[in-house]
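The file upload_25.txt comes next; it holds compact mmCIF, C-alpha atoms and all ligand atoms.
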```txt
# COMPACT_ATOMS: atom_id res chain seq x y z
CA MET P 30 -24.35 14.83 -28.83
CA THR P 31 -24.04 16.31 -25.37
CA ASP P 32 -25.69 14.85 -22.27
CA GLU P 33 -28.01 17.85 -22.20
CA GLN P 34 -29.05 17.29 -25.82
CA LYS P 35 -29.68 13.61 -25.07
CA TYR P 36 -31.79 14.51 -22.03
CA LEU P 37 -33.84 17.09 -23.93
CA PHE P 38 -34.36 14.92 -27.01
CA ASP P 39 -35.49 11.96 -24.90
CA LEU P 40 -37.77 14.17 -22.83
CA GLN P 41 -39.38 16.13 -25.66
CA GLY P 42 -38.92 14.15 -28.88
CA PHE P 43 -37.26 17.19 -30.45
CA LEU P 44 -34.19 19.31 -29.93
CA LEU P 45 -33.36 22.88 -30.89
CA VAL P 46 -29.80 23.38 -32.18
CA GLU P 47 -28.78 27.03 -32.51
CA ASP P 48 -26.31 28.70 -34.88
CA VAL P 49 -26.35 26.13 -37.65
CA LEU P 50 -26.67 28.63 -40.51
CA THR P 51 -25.35 32.20 -40.63
CA HIS P 52 -27.87 34.95 -41.35
CA ASP P 53 -26.34 35.36 -44.82
CA GLU P 54 -26.84 31.66 -45.52
CA CYS P 55 -30.48 31.93 -44.39
CA ASP P 56 -31.08 34.86 -46.73
CA MET P 57 -29.38 33.02 -49.59
CA ALA P 58 -31.54 29.95 -48.95
CA ILE P 59 -34.73 32.05 -48.96
CA GLU P 60 -33.73 33.69 -52.25
CA LYS P 61 -33.18 30.30 -53.89
CA ILE P 62 -36.44 28.93 -52.49
CA GLN P 63 -38.27 31.99 -53.86
CA GLU P 64 -36.86 31.26 -57.33
CA ARG P 65 -38.05 27.65 -57.19
CA MET P 66 -41.33 27.76 -55.29
CA ARG P 67 -44.55 26.79 -57.05
CA PRO P 68 -48.13 27.05 -55.75
CA MET P 69 -49.71 23.90 -54.33
CA GLU P 70 -53.36 23.25 -55.17
CA LYS P 71 -54.04 21.33 -51.96
CA THR P 72 -52.26 21.24 -48.62
CA PRO P 73 -50.85 17.86 -47.49
CA ASP P 74 -54.12 17.39 -45.53
CA GLY P 75 -56.23 18.00 -48.64
CA TYR P 76 -57.44 21.55 -47.92
CA ASP P 77 -57.61 24.06 -50.77
CA ALA P 78 -54.34 25.95 -50.54
CA ASN P 79 -55.82 29.16 -52.01
CA GLY P 80 -52.40 30.57 -52.72
CA THR P 81 -51.20 30.16 -49.12
CA TRP P 82 -48.96 27.10 -49.66
CA HIS P 83 -46.09 26.77 -52.08
CA SER P 84 -43.47 24.09 -52.37
CA ALA P 85 -39.96 24.09 -53.73
CA GLY P 86 -37.93 21.08 -54.82
CA LYS P 87 -34.56 20.49 -56.48
CA LEU P 88 -32.95 22.44 -53.66
CA LEU P 89 -29.76 20.43 -53.61
CA GLU P 90 -29.15 21.33 -57.25
CA ALA P 91 -29.21 24.96 -56.13
CA GLY P 92 -25.92 24.40 -54.32
CA GLN P 93 -25.09 26.22 -51.11
CA PRO P 94 -26.17 26.51 -48.41
CA PHE P 95 -28.27 23.38 -49.08
CA ILE P 96 -25.34 21.05 -49.85
CA ASN P 97 -23.39 21.85 -46.68
CA LEU P 98 -26.45 21.11 -44.57
CA ILE P 99 -26.53 17.46 -45.70
CA ASP P 100 -23.82 16.53 -43.18
CA HIS P 101 -23.53 19.60 -40.99
CA PRO P 102 -21.35 18.53 -38.00
CA LYS P 103 -23.66 20.05 -35.36
CA LEU P 104 -26.58 18.02 -36.72
CA VAL P 105 -24.83 14.81 -37.76
CA SER P 106 -23.36 14.48 -34.27
CA VAL P 107 -26.95 14.19 -33.00
CA LEU P 108 -28.35 12.08 -35.85
CA GLU P 109 -25.54 9.52 -35.56
CA ASN P 110 -26.45 9.05 -31.91
CA ILE P 111 -30.20 8.73 -32.30
CA ILE P 112 -30.51 6.92 -35.67
CA SER P 113 -27.32 5.20 -36.75
CA PRO P 114 -23.63 5.93 -37.38
CA LYS P 115 -24.38 5.63 -41.12
CA LEU P 116 -27.17 7.84 -42.37
CA ARG P 117 -29.29 8.11 -45.47
CA MET P 118 -31.09 11.23 -46.58
CA GLU P 119 -34.71 10.57 -47.57
CA GLY P 120 -35.22 13.99 -49.13
CA ALA P 121 -34.99 17.77 -48.87
CA TYR P 122 -37.96 20.05 -49.48
CA SER P 123 -39.42 23.43 -48.70
CA PHE P 124 -42.97 24.42 -47.82
CA VAL P 125 -43.65 28.14 -48.01
CA ARG P 126 -46.74 29.03 -45.99
CA SER P 127 -48.40 32.45 -46.01
CA LYS P 128 -50.47 34.33 -43.45
CA GLY P 129 -53.75 32.59 -42.66
CA CYS P 130 -52.80 29.29 -44.33
CA PRO P 131 -54.59 26.14 -43.17
CA GLN P 132 -52.88 24.26 -40.34
CA PHE P 133 -50.65 21.30 -41.06
CA GLU P 134 -52.63 18.87 -38.94
CA MET P 135 -50.97 16.81 -36.20
CA HIS P 136 -49.39 13.66 -37.57
CA GLY P 137 -46.67 11.27 -36.48
CA GLY P 138 -46.07 7.80 -35.24
CA TYR P 139 -45.61 6.37 -31.78
CA ARG P 140 -42.83 4.61 -29.97
CA GLY P 141 -43.78 1.04 -30.86
CA GLY P 142 -43.93 1.45 -34.60
CA ASN P 143 -42.01 -0.37 -37.30
CA VAL P 144 -38.45 0.30 -38.40
CA ASN P 145 -39.23 3.85 -39.51
CA PHE P 146 -41.42 4.79 -36.57
CA ARG P 147 -39.70 3.49 -33.47
CA TYR P 148 -38.48 5.10 -30.31
CA TYR P 149 -36.75 3.37 -27.44
CA VAL P 150 -33.76 3.79 -25.17
CA HIS P 151 -31.47 0.85 -24.52
CA GLY P 152 -28.60 1.27 -22.12
CA ASN P 153 -27.54 4.84 -22.58
CA ASN P 154 -28.57 5.07 -26.23
CA ILE P 155 -31.57 6.52 -28.03
CA HIS P 156 -32.88 4.50 -30.98
CA THR P 157 -35.24 6.06 -33.45
CA GLY P 158 -35.89 5.86 -37.20
CA LEU P 159 -37.18 8.50 -39.58
CA THR P 160 -36.05 11.89 -38.28
CA VAL P 161 -36.57 15.39 -39.62
CA ILE P 162 -34.52 18.56 -39.43
CA SER P 163 -36.54 21.74 -39.75
CA PHE P 164 -34.28 24.72 -40.45
CA ALA P 165 -35.36 28.17 -39.28
CA LEU P 166 -34.45 30.60 -42.06
CA GLN P 167 -36.23 33.41 -40.18
CA ASP P 168 -36.85 34.23 -36.53
CA VAL P 169 -39.96 32.30 -35.51
CA ASP P 170 -41.52 33.27 -32.18
CA ASP P 171 -44.18 31.25 -30.41
CA GLU P 172 -47.00 33.44 -31.74
CA ALA P 173 -45.92 33.08 -35.35
CA GLY P 174 -47.45 29.67 -35.98
CA GLY P 175 -44.55 27.59 -37.28
CA PHE P 176 -43.56 24.10 -36.21
CA ALA P 177 -45.92 22.77 -33.54
CA CYS P 178 -45.88 19.52 -31.62
CA ILE P 179 -47.05 17.65 -28.55
CA PRO P 180 -43.80 17.41 -26.58
CA GLY P 181 -43.21 13.92 -25.22
CA SER P 182 -45.73 12.27 -27.57
CA HIS P 183 -42.95 10.22 -29.21
CA LYS P 184 -43.29 7.93 -26.17
CA SER P 185 -47.03 7.50 -26.66
CA ASN P 186 -48.36 4.00 -27.24
CA PHE P 187 -50.76 5.06 -29.99
CA SER P 188 -50.43 7.24 -33.06
CA VAL P 189 -52.63 10.31 -33.55
CA PRO P 190 -56.19 9.13 -34.35
CA ALA P 191 -57.20 10.27 -37.85
CA ASP P 192 -60.26 12.15 -36.54
CA SER P 193 -58.23 14.07 -33.95
CA ARG P 194 -55.49 15.48 -36.15
CA LYS P 195 -57.14 18.90 -36.40
CA ARG P 196 -59.00 18.92 -33.10
CA LEU P 197 -55.84 18.46 -31.01
CA PHE P 198 -54.82 22.05 -31.82
CA ASP P 199 -57.96 23.36 -30.14
CA MET P 200 -57.80 21.32 -26.96
CA ASN P 201 -57.35 23.37 -23.84
CA GLY P 202 -54.28 23.20 -21.64
CA GLY P 203 -51.60 23.86 -24.22
CA LEU P 204 -51.44 20.28 -25.47
CA VAL P 205 -50.01 21.43 -28.80
CA ARG P 206 -47.10 23.85 -28.45
CA ASN P 207 -45.60 26.18 -31.04
CA ILE P 208 -41.83 25.83 -30.91
CA PRO P 209 -40.00 29.14 -31.28
CA SER P 210 -36.71 29.02 -33.20
CA PRO P 211 -34.24 31.81 -33.92
CA LYS P 212 -33.00 32.49 -37.43
CA GLY P 213 -30.21 30.06 -38.31
CA SER P 214 -31.27 27.35 -35.86
CA ALA P 215 -32.60 23.86 -36.57
CA VAL P 216 -35.17 21.69 -34.83
CA ILE P 217 -34.40 17.97 -34.98
CA PHE P 218 -37.47 15.84 -34.34
CA THR P 219 -38.34 12.15 -34.56
CA GLU P 220 -41.29 11.29 -36.78
CA CYS P 221 -42.65 9.43 -33.74
CA LEU P 222 -43.49 12.84 -32.29
CA ALA P 223 -47.02 14.13 -32.94
CA HIS P 224 -46.23 17.26 -34.95
CA GLY P 225 -47.51 19.67 -37.58
CA ALA P 226 -47.67 23.43 -38.05
CA ASN P 227 -50.04 26.09 -36.81
CA VAL P 228 -51.72 28.76 -38.95
CA TRP P 229 -48.99 31.20 -40.02
CA GLN P 230 -49.63 34.64 -38.52
CA GLN P 231 -47.00 36.93 -39.98
CA ASP P 232 -46.98 39.07 -43.13
CA GLU P 233 -43.70 37.61 -44.38
CA PRO P 234 -44.33 33.99 -45.45
CA ARG P 235 -42.59 31.22 -43.55
CA TYR P 236 -39.88 29.62 -45.64
CA GLY P 237 -39.75 26.13 -44.16
CA LEU P 238 -36.81 23.93 -45.08
CA PHE P 239 -36.92 20.25 -44.16
CA TYR P 240 -34.34 17.45 -44.46
CA LYS P 241 -35.40 13.88 -43.65
CA TYR P 242 -32.97 11.19 -42.51
CA ASN P 243 -33.02 7.47 -41.89
CA ASP P 244 -30.63 4.65 -41.12
CA ARG P 245 -28.62 3.87 -44.27
CA SER P 246 -30.14 0.40 -44.24
CA ALA P 247 -33.76 1.61 -43.92
CA ILE P 248 -36.14 3.26 -46.34
CA TYR P 249 -39.40 5.16 -45.98
CA HIS P 250 -39.96 7.17 -49.15
CA ARG P 251 -39.63 5.58 -52.58
CA GLN P 252 -36.00 6.15 -53.37
CA ASP P 253 -35.50 6.06 -57.15
CA ILE P 254 -37.68 9.10 -57.86
CA ARG P 255 -36.01 11.17 -55.12
CA LEU P 256 -32.37 10.77 -56.16
CA PRO P 257 -30.72 14.17 -56.59
CA ALA P 258 -29.75 15.18 -60.12
CA GLN P 259 -26.14 14.90 -61.30
CA ALA P 260 -25.87 18.71 -60.94
CA ALA P 261 -26.41 18.24 -57.20
CA PHE P 262 -23.99 15.30 -56.88
CA ASP P 263 -21.36 17.36 -58.72
CA GLN P 264 -21.30 19.74 -55.74
CA MET P 265 -21.08 17.06 -53.02
CA THR P 266 -18.17 15.50 -51.18
CA ASP P 267 -17.91 11.69 -51.22
CA ASN P 268 -19.28 11.63 -47.67
CA GLN P 269 -22.34 13.64 -48.73
CA LYS P 270 -22.90 11.40 -51.78
CA CYS P 271 -23.09 8.36 -49.46
CA PHE P 272 -26.25 9.83 -47.91
CA PHE P 273 -28.03 8.90 -51.17
CA ASN P 274 -26.80 5.32 -51.47
CA THR P 275 -29.32 2.53 -51.93
CA ALA P 276 -30.58 1.30 -48.56
CA TRP P 277 -28.63 -1.77 -47.37
CA GLU P 278 -26.27 -2.58 -44.52
CA ALA P 279 -23.84 -5.40 -45.28
CA PHE P 280 -22.59 -7.90 -47.85
CA GLY P 281 -22.27 -5.35 -50.61
CA ASN P 282 -19.86 -5.57 -53.48
CA THR P 283 -16.10 -5.77 -52.94
CA GLU P 284 -15.60 -1.99 -53.19
CA SER P 285 -18.16 -1.29 -50.50
CA GLY P 286 -18.73 -4.11 -48.08
CA ARG P 287 -20.49 -1.84 -45.59
CA ASN P 288 -22.25 0.73 -47.76
CA ASP P 289 -19.75 3.49 -47.08
CA VAL P 290 -18.63 4.27 -50.63
CA PRO P 291 -20.65 6.59 -52.90
CA GLU P 292 -22.90 4.77 -55.31
CA TYR P 293 -24.39 7.65 -57.34
CA GLY P 294 -23.02 10.83 -58.80
CA LEU P 295 -19.65 9.35 -59.73
CA LYS P 296 -17.86 10.63 -62.78
CA ASP P 297 -17.15 8.09 -65.56
O1 LIG S 1 -44.17 22.98 -41.15
C1 LIG S 1 -43.70 22.33 -40.22
O2 LIG S 1 -42.95 22.81 -39.39
C2 LIG S 1 -44.05 20.86 -40.10
C3 LIG S 1 -43.65 20.11 -41.34
C4 LIG S 1 -44.06 18.68 -41.30
O3 LIG S 1 -44.66 18.20 -40.40
C5 LIG S 1 -43.71 17.82 -42.44
O4 LIG S 1 -43.14 18.31 -43.44
O5 LIG S 1 -44.03 16.61 -42.36
```

As structure tokens, how would this structure be written, given the file I've shared?
Amino acid sequence: MTDEQKYLFDLQGFLLVEDVLTHDECDMAIEKIQERMRPMEKTPDGYDANGTWHSAGKLLEAGQPFINLIDHPKLVSVLENIISPKLRMEGAYSFVRSKGCPQFEMHGGYRGGNVNFRYYVHGNNIHTGLTVISFALQDVDDEAGGFACIPGSHKSNFSVPADSRKRLFDMNGGLVRNIPSPKGSAVIFTECLAHGANVWQQDEPRYGLFYKYNDRSAIYHRQDIRLPAQAAFDQMTDNQKCFFNTAWEAFGNTESGRNDVPEYGLKD
């Protein structure tokens, strides 16, 4: 993580990293998402999706480029600095949102939250918990309506009030900002940041791709039902497999005293 990245992440609560995927990899990812996407009845906020939201799972089983992104060096070098030197992946998913879809209302924690929702700087180091990478598989300009956030809100003392999640978008003064991102880039953001997504404005749907990370000793989402299938593990390196280990830090068994040996996906 460079000093500039550290400055920008601390200032904004998010960071844009360019040139993570090639254009060919983006196109390949979209193709595989298209094969797997299924309509959602309701949006995550409970609105009728009316055909404007789809989701796709089992992406890691689909192989590349999804597998390589688990521990992409440009991203891991940031995550290791802001979360922990040993990382766990909470999950990978895609939301496909079409023109005119309902907003993804503002949500997120605040800096004084629990182990998953924390943000502080001690010495020269950033400490946060649950962190998301949003990959841009298409060019997204600031009129398109993709990822949106309130920059700097990760240092707020209060989380977004339930009644304000939608209203914040409409407040004057540019409180909520759409974050443009070129094809192949990735936005890393802490879940402490107030974030969501604006109404999608373009004819081509937005193929969102999201990876969530945590400290290897911490857990947010229920883990057992989110373990990748063996077909996904079969395509991973040992380092990538470790991202799916059970959450713990020390005093493991003799083969893995510090939770740095793969636990799942091993061949008999
Ligand atoms: O669509 C986006 O960019 C936001 C996604 C998001 O907030 C989430 O998946 O929790």

Next on the checklist: I'd like the neighbourhood of segment 103-116 of chain P as a count of residues only, where a residue qualifies if any of its atoms comes within 7 Å (using all atoms listed in the file), though same-chain residues fewer than 3 positions away should be ignored.
Outcome noted: 11

Checklist entry - Can I get the residues close to ligand LIG 1 (chain S) as a PyMOL selection string, where close means within 10 Å and we count all atoms listed in the file? => result chain P and resi 73+121-126+132-137+161-165+174-178+207-208+216+218+220+222-229+235-241

Item to check | From P:Lys71, P:Lys270, P:Arg194, P:His183, residue lying nearest Val290 of chain P [all atoms listed in the file] | outcome: P:Lys270

Checklist entry - Hey, can you check how far atom CA of Thr160 of chain P sits from atom CA of Val189 of chain P? => result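 So the two atoms, atom CA of Thr160 of chain P and atom CA of Val189 of chain P, lie 17.3 Å apart.
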
Next on the checklist: Please report the interatomic distance between atom CA of Met57 of chain P and atom CA of Gly294 of chain P in Å with one decimal.
Outcome noted: 24.9 Å

Checklist entry - How far is it from atom CA of Glu292 of chain P to atom CA of Thr219 of chain P, in Å with one decimal? => result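 Taking atom CA of Glu292 of chain P as the start and atom CA of Thr219 of chain P as the end point, the length is 26.9 Å.
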
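Candidate residues P:Asp253, P:Glu47, P:Asp171, P:Glu64 were compared for distance to Ala91 of chain P, and the nearest is P:Glu64, using all atoms listed in the file.
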
Checklist entry - Which residues, written as number ranges by chain, have at least one atom at most 8 Å from Arg67 of chain P, with all atoms listed in the file counted and residues fewer than 4 positions away on the same chain left out? => result P: 83-85

Next on the checklist: Set the distance at 9 Å and use only C-alpha atoms: which residues neighbour Asp289 of chain P once local chain neighbours fewer than 4 positions away are removed? I'd like the list as a PyMOL selection string.
Outcome noted: chain P and resi 115+268+271+274+285

Mind writing the picked residues with C-alpha atoms as an mmCIF file, in the frame of the given file?
```cif
data_model
loop_
_atom_site.group_PDB
_atom_site.id
_atom_site.type_symbol
_atom_site.label_atom_id
_atom_site.label_comp_id
_atom_site.auth_asym_id
_atom_site.auth_seq_id
_atom_site.Cartn_x
_atom_site.Cartn_y
_atom_site.Cartn_z
ATOM 1 C CA LYS P 115 -24.380 5.630 -41.120
ATOM 2 C CA ASN P 268 -19.280 11.630 -47.670
ATOM 3 C CA CYS P 271 -23.090 8.360 -49.460
ATOM 4 C CA ASN P 274 -26.800 5.320 -51.470
ATOM 5 C CA SER P 285 -18.160 -1.290 -50.500
#
```

Item to check | Counting only C-alpha atoms, the residue of P:Gln63, P:Thr275, P:Gln41, P:Asn186 that sits nearest Arg206 of chain P | outcome: P:Gln41

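Nearest residue to Ser127 of chain P, choosing from P:Ala215, P:Leu159, P:Ile96, P:Ala78 and counting only C-alpha atoms: P:Ala78.
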
Checklist entry - Which is closer to Asp53 of chain P than all the others in P:Met66, P:Pro94, P:Arg287, P:Gln252, using only C-alpha atoms? => result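 Among P:Met66, P:Pro94, P:Arg287, P:Gln252, it is P:Pro94 that comes nearest to Asp53 of chain P.
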